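Asker: I have a structure I would like to understand better, so I am pasting it below and will then ask my questions one at a time.
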Amino acid sequence: MHDDRELIERRLARVLEERIRPALYPESVPLEVAVWDAPGEPVPVEEGLAAAYAPTAAGAAWGPPWGTSWFRVRGTVPAEWAGRTVEAVLDLGFNKLMPGFQCEGLVYRPDGSPVKGLNPRNDWVAVGDPAFGGEQVELYVEAAANPVILDVQPFKPTDLGDVRTAHREPLYRLARMDLAVRDTEVWELIQDLEVLGELMPELPMDGARRWELLRAVGRALDAIDLQDVGRTAAAARAELAGVLAEPAGPGAHRISAVGHAHIDSAWLWPLRETVRKVARTTANMTALLEDAGSEEFVYTMSQAQQYAWIKEHRPEVYAKVKKAVAEGRFVPAGGMWVESDTNMPGSEAMARQFVHGKRFFLEEFGVDNEEAWLPDTFGFAAGLPQIIKAAGSKYLLTQKISWSKINTFPHHTFRWEGIDGTRIFTHFPPVDTYNCSMLGREIGHAARNFKEKGVASRSLAPTGWGDGGGGTTREMIAKAARMKSLNGSAEVVWERPAEFFAAAEAEYPEPPVWVGELYLELHRATLTSQAGTKKGNRRSEHLLREAELWAATAAVRAGAAYPYEQLDRIWKTVLLHQFHDILPGSSIAWVHREARETYARVAAELEEIIGTAQRALAGEGSAELVFNAAPHGRGGVAALGAASPEAADAEAVEAEERAGGGFVLDNGLLRVEVDGRGLVVSAFDREAGREAIADGRAANLLQLHPDFPNEWDAWDVDAFYRNTVVDLDGIDALALDGTAVRIERTFGSSRVVQTLRLAADAPRLDIETTVDWHETEKFLKLAFPLDVHAERFAAETQFGHVHRPTHTNTSWEAAKFEVCAHRFVHVDEPGWGAAVVNDATYGHDVTRDVRADGGTSTVVRASLLRAPRFPDPETDQGEHTFRHALVVGADIGDAVREGYAVNLPERVLAGAAAGTEVAPLVTVDGDEDGDVVVSALKLADDGSGDVVVRVYESRGGRARVRVVPGFEAASVEAVDLLERPVDEPSLDASADIDAGAPLSLRPFQLVTLRFTRA
C-alpha cells in the first residue's frame, strides 16, 4: 500500500506538469507586438500610450535594470473560436520566482483605462468568455524591468540595487505573446487535482480519508487520455466529484481567508517602483472582484500611504479601488500610514502612524477599522498596546513572530499586555505565512499548528502573493471554494478582518495573556544597519517636535500662522521612511541613498519652520534668547519656553594631566580619569562617594567584531559574533583642547575621532564619536563596563521603558542578545544607578561581567556600525557622528531627562528683543521630579486653533499633576490620538480650568488633552 501511495503521488505530479497544465491553452495565434523603451524614469500613462512604437516579437531582449518598456499588442480573435473562452497570454519573460521579485507589467486599454497586472502567476488578460469571433484586440503593457535581487542563492553583493550602479544590458526576453483558447474544463481539473493532491499528504497515513482520496485520484488519472486531455477532462473530473462533495466533519478548524498582497513600501525596489507595484496589484484585485466565481472573495490592503500613492499617480486605478471599498469587498486594514517598524520609531512617531493612517481611511472611505495589521514587522515594542488603544483600535495581527529561531511562541490567539497594563486581542495566523496561496499543506499546517485548538476553532490566512505584490489569484479562489467544506480539510471561508476578530474574540473571550514586548528572535541587526537612515529618523522626529512646539507657541503668543499642511506633509514623509525595510536598514542602496537625501530636505524645511516661529517670538534686538524644547527645565530656562541665557561658569570644569598619562576632568560632581589609551578608567561620583567604572575595566571602549551571519546579511547578527573581539585601544593622538579630551585612532581602513567633555553642572560625561568607516562585514560597539550589580536593565521605548534581564537563565533571555533602546539604557542597584544616553543609536546589548573579586558588574554596549554587503554592498561606508553620554548616579528620571536633553539641544537665537522671555504654553504642576513628560504640544489638526497636549508618566509609577495652560483656555477635554473626545477617568474635567487639568496617571499612562482657547 505504501508503494501504491508513492506511485500515485509521483504519477499525479508528472501528469499535471507534463500533460494537464500544458493542455490549458490548446489553440493559440501570435499577437503583433511593438515596443517603445522609455528613456530614464517611468513616464505618465498618456505619454506611454502616445509613444512611437517599433516592431518586436517573442524572443526579443528588453529591459535594462530598472528600465521601462511599453509593449503594444494587437490581434484578431479567429472566427472559429466563437463560443469559446479566449485570453491574451502575455509572458514578459517571467522566471519561476514568485511574483514581485522580477519583471512586472500593468495592462491598459487604448483609452488609458487599466485592465490588470501581469506577473509570473498572472500572465493572462481576458478577451472573451465566450468570444464572438472576429474581435479586434489592442492592449498596452507598461513593463518594468525590475532586476532579480533576491534569487535562489541570495545574500551576494550586487550593483543592481541602484540605478546609478547597475549595468545597462537587457535583463529579459519576451516569451509567449499570444491570443489563446483557454479550456475551462482542463482548468477546473487542474484545481481539483491540486487540491486533492496537496491535501492527501496532510491526512493521517492510516486514515481512511487519505486512501479514499488516493483511489479517486488514481481513477481520475486513468480516465485521462494523455494525448487528448481536453476531450477527457470532464470524465476525469467525474471521478473526483464524489470525494470533493464530502463535507467537512463537525469540529473542523475554520480558516478565515482574506485576499491580501503584502507590498513592501520599499525593499528590493525603490519607492517609485512601489507606486507602480501597488497600481498593478490593485488593478488585478479590482478586476478579480468582478470575475464570475469570485462573489464571496474579499480583499484587504493596509498602508494608507499606498492608497495615497495610487490616488496621486494612478487615479484611474484609484477610482476602481474606491468603488470596490464602497461595495465592502476591498477592505482598508491596519489604520497606519505604513506597516512600520515598531521597535525604533519614537513615541510620537508611533502615535502618528495611526493618526495619519486612520484619518486617511476615515476621510477617503468612511472606514474606522479597529485592527493593527503588521504581518511582516520585525518584533513589537512593549509600548504599542496602549498606542493602538489610544488610536481607537483594539486588535493586532502579525505573523512574523513565527520566524523566531530559538523559542516557539506559545500562543496564536491571546491578549497582549503592554507596559501600562493595556491589553490588545492579538492573533498570529498559524498558517505561518502572510503569503498563503491555498496550498493543501498550508491549510493542513494551519489546522495542526493552531495552539489554541482545544478551546478555539478560528484562525486567519492572508491569501495572495506578497512582499513585491501580486495578490490573490483565480486559482486560489477556486481552491478556497473547494475547501469551503471538504472532508479532511479545514473549512475555508472569505471574511473581512473585522469579522474574523469579532468572531474570534466572541468565541474565546478570555485567552491567555502575554506581558511585555513581542521580541523577534531574528533580524536583530536591523537595529544598527544603515546608521545614516537611523540618524535621519531620530533627528527628524525631534525636529518635528520642535517645529510643532514653537509654531504653536508662536501662533498663540504672536498670532503667527501655523503651518498645518506643511507639517502634515513632513510627518507623512518621516512616517513613510519608518517602513519596516527602510528604517531597519534592509533595503537596497537606492532606497537608502534617497532616504538620506530626503532626511536632509526634511531637516532644512523643519529648521526653517523652527527659525521662523522663534523669530516671531523673539522680536528684534541685540539680546540672546535660549529656547528649550525639552520637557524638563535646564540652565534656568523653563521646559517648552525661552529665556535669556545664564552666564556660563568657565571654572566649573577643571582639567589636568594624569599621572602615568592621560587626563583628569572634574566638575565637582563627577571626576573622570582618561588614561593614555584614551579610555575612561574612572568615573567617580563625588556625591555618592562611589566609582561607576568596573574595577580593572575601561569605558568609552570601542570594540570590533567579525559580522558574517548565517543568512540575511543586513538583517541578522548571530550570537557567535561575540566569540571574537578586538579592543580598539591603539591611539594616534591624545590631547587636551580646553577642558575637553580629543582622541584619534585608526583601525583597519577606518579612522575615529572622539571628544570627551564633562557637563558644567551635572554628573554627565559627554562623548562625541566620529567614525570614517570603511570596514566590511564588521560590527562596531561602544562599551561601558559599570560597577553595578543589576539583574535587569531599563531601555526606553514608546511612552516609557521596558525592563529586560541581564542574565541568561532561560533560552528566552539568551535569545535577547541584541535589543532596542531609544534614548537611554539605565542600570541600577537600590539607591544608585547609571545611564548611557544617545542621540542616534538603537541597538544595544547589556551583559554581566565577572570582576576580579568574584562579583559581577554590568556592561552596557551601544551598537554603532555594521558593514553587511547585501542588499547594499556599500552599507554605512563613510563618515558618521554619534553622541553618547554616561550619566553617573542617575535614577530612571535622570535617564529620561538626559535622554531628551541630548536629542533636543538648546537653541540660542541672537538678535532678540532685550528682556524677552517666552512662557511655556503649558506647564506640569505638582511634578517636582519631572516624571510626567510632555510628549507633544501642537495646535489641533482640524484648524480650530485649539491646543493639544500629550503627556505620559515616564518613571513607571503613579502621578497626580495638573497640566496648566499658559493662555486663556475656555475648557479642556481628553481626546484620543485622532483628537476625538474620549471618556478618560484619569482627568477631572469638572475642575477649574484656570488651575489646570488635574490628572491621576497610572504607570506609563499616556493622555492627550485638548484645550479650547477662550
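The chains in the C-alpha cells are called A, B, ... from first to last as shown; in each chain the residues are counted from 1, and the ligands are counted from 1 in the order shown.
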Give me the segment 699-795 of chain A side of the contact with segment 839-851 of chain A, cut-off 10 Å, one line per residue showing its nearest atom pair and distance in Å at one decimal, counting only C-alpha atoms, sorted by chain and residue number, as JSON lines.

Answerer:
{"residue": "A:Lys781", "atom": "CA", "partner": "A:His844", "partner_atom": "CA", "distance": 8.6}
{"residue": "A:Leu782", "atom": "CA", "partner": "A:His844", "partner_atom": "CA", "distance": 9.4}
{"residue": "A:Ala783", "atom": "CA", "partner": "A:Asp845", "partner_atom": "CA", "distance": 9.4}
{"residue": "A:Phe784", "atom": "CA", "partner": "A:Val846", "partner_atom": "CA", "distance": 9.5}
{"residue": "A:Pro785", "atom": "CA", "partner": "A:Asp849", "partner_atom": "CA", "distance": 8.0}
{"residue": "A:Leu786", "atom": "CA", "partner": "A:Asp849", "partner_atom": "CA", "distance": 9.2}
{"residue": "A:Asp787", "atom": "CA", "partner": "A:Arg851", "partner_atom": "CA", "distance": 9.0}
{"residue": "A:Val788", "atom": "CA", "partner": "A:Arg848", "partner_atom": "CA", "distance": 9.5}
{"residue": "A:His789", "atom": "CA", "partner": "A:Arg848", "partner_atom": "CA", "distance": 8.3}
{"residue": "A:Ala790", "atom": "CA", "partner": "A:Arg848", "partner_atom": "CA", "distance": 8.4}
{"residue": "A:Glu791", "atom": "CA", "partner": "A:Arg848", "partner_atom": "CA", "distance": 8.8}
{"residue": "A:Arg792", "atom": "CA", "partner": "A:Val846", "partner_atom": "CA", "distance": 9.0}
{"residue": "A:Phe793", "atom": "CA", "partner": "A:Val846", "partner_atom": "CA", "distance": 7.7}
{"residue": "A:Ala795", "atom": "CA", "partner": "A:His844", "partner_atom": "CA", "distance": 9.2}

Asker: Find the spatial neighbours of Trp70 of chain A, counting only C-alpha atoms, within a cut-off of 8 Å - ignore same-chain residues fewer than 5 positions away - and output them as a list in words.

Answerer: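 Close residues of Trp70 of chain A: Val35, Trp36, Asp37, Ala38, Gly48, Leu49, Tyr140, Val141, Glu142 and Ala143 of chain A.
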
Asker: Could you write those residues out with N, CA and C atoms, as a PDB file, in the first residue's frame?

Answerer:
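Done, and the output landed in selection.pdb:
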ATOM      1  N   VAL A  35       7.177  47.807 -29.518  1.00  0.00           N
ATOM      2  CA  VAL A  35       7.784  48.227 -28.261  1.00  0.00           C
ATOM      3  C   VAL A  35       8.244  49.676 -28.346  1.00  0.00           C
ATOM      4  N   TRP A  36       8.184  50.354 -27.199  1.00  0.00           N
ATOM      5  CA  TRP A  36       8.824  51.659 -27.026  1.00  0.00           C
ATOM      6  C   TRP A  36       9.526  51.648 -25.677  1.00  0.00           C
ATOM      7  N   ASP A  37      10.810  51.933 -25.679  1.00  0.00           N
ATOM      8  CA  ASP A  37      11.608  51.954 -24.459  1.00  0.00           C
ATOM      9  C   ASP A  37      11.635  53.367 -23.904  1.00  0.00           C
ATOM     10  N   ALA A  38      11.078  53.523 -22.709  1.00  0.00           N
ATOM     11  CA  ALA A  38      11.040  54.847 -22.097  1.00  0.00           C
ATOM     12  C   ALA A  38      12.443  55.253 -21.665  1.00  0.00           C
ATOM     13  N   GLY A  48       3.159  57.179 -22.490  1.00  0.00           N
ATOM     14  CA  GLY A  48       3.473  55.831 -22.959  1.00  0.00           C
ATOM     15  C   GLY A  48       2.559  55.367 -24.072  1.00  0.00           C
ATOM     16  N   LEU A  49       1.280  55.697 -23.967  1.00  0.00           N
ATOM     17  CA  LEU A  49       0.334  55.278 -24.993  1.00  0.00           C
ATOM     18  C   LEU A  49       0.588  55.976 -26.326  1.00  0.00           C
ATOM     19  N   TYR A 140      -1.998  47.642 -24.222  1.00  0.00           N
ATOM     20  CA  TYR A 140      -0.687  48.230 -23.973  1.00  0.00           C
ATOM     21  C   TYR A 140      -0.185  47.737 -22.612  1.00  0.00           C
ATOM     22  N   VAL A 141       1.075  47.405 -22.556  1.00  0.00           N
ATOM     23  CA  VAL A 141       1.667  46.892 -21.320  1.00  0.00           C
ATOM     24  C   VAL A 141       2.819  47.804 -20.902  1.00  0.00           C
ATOM     25  N   GLU A 142       2.671  48.421 -19.741  1.00  0.00           N
ATOM     26  CA  GLU A 142       3.782  49.155 -19.139  1.00  0.00           C
ATOM     27  C   GLU A 142       4.611  48.144 -18.357  1.00  0.00           C
ATOM     28  N   ALA A 143       5.746  47.735 -18.917  1.00  0.00           N
ATOM     29  CA  ALA A 143       6.545  46.640 -18.358  1.00  0.00           C
ATOM     30  C   ALA A 143       7.757  47.184 -17.634  1.00  0.00           C
TER      31      ALA A 143
END

Asker: By how many Å are atom CA of Leu1009 of chain A and atom CA of Asp976 of chain A apart?

Answerer: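 Computing the Euclidean distance for atom CA of Leu1009 of chain A and atom CA of Asp976 of chain A yields 8.5 Å.
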
Asker: Residues within 6 Å of Ala525 of chain A, please, as a count of residues only. Count only C-alpha atoms; anything in the same chain fewer than 3 positions from it doesn't count.

Answerer: 4

Asker: Return the single residue from A:Pro39, A:Trp81, A:Asn95, A:Ala13 that is closest to Val217 of chain A, with distances computed using only C-alpha atoms.

Answerer: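 That would be A:Ala13, the residue with the smallest distance to Val217 of chain A.
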
Asker: Tell me which of A:Asp853, A:Asp941, A:Glu796, A:Lys277 sits closest to Asp568 of chain A, counting only C-alpha atoms.

Answerer: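 Of A:Asp853, A:Asp941, A:Glu796, A:Lys277, the one nearest Asp568 of chain A is A:Asp941, counting only C-alpha atoms.
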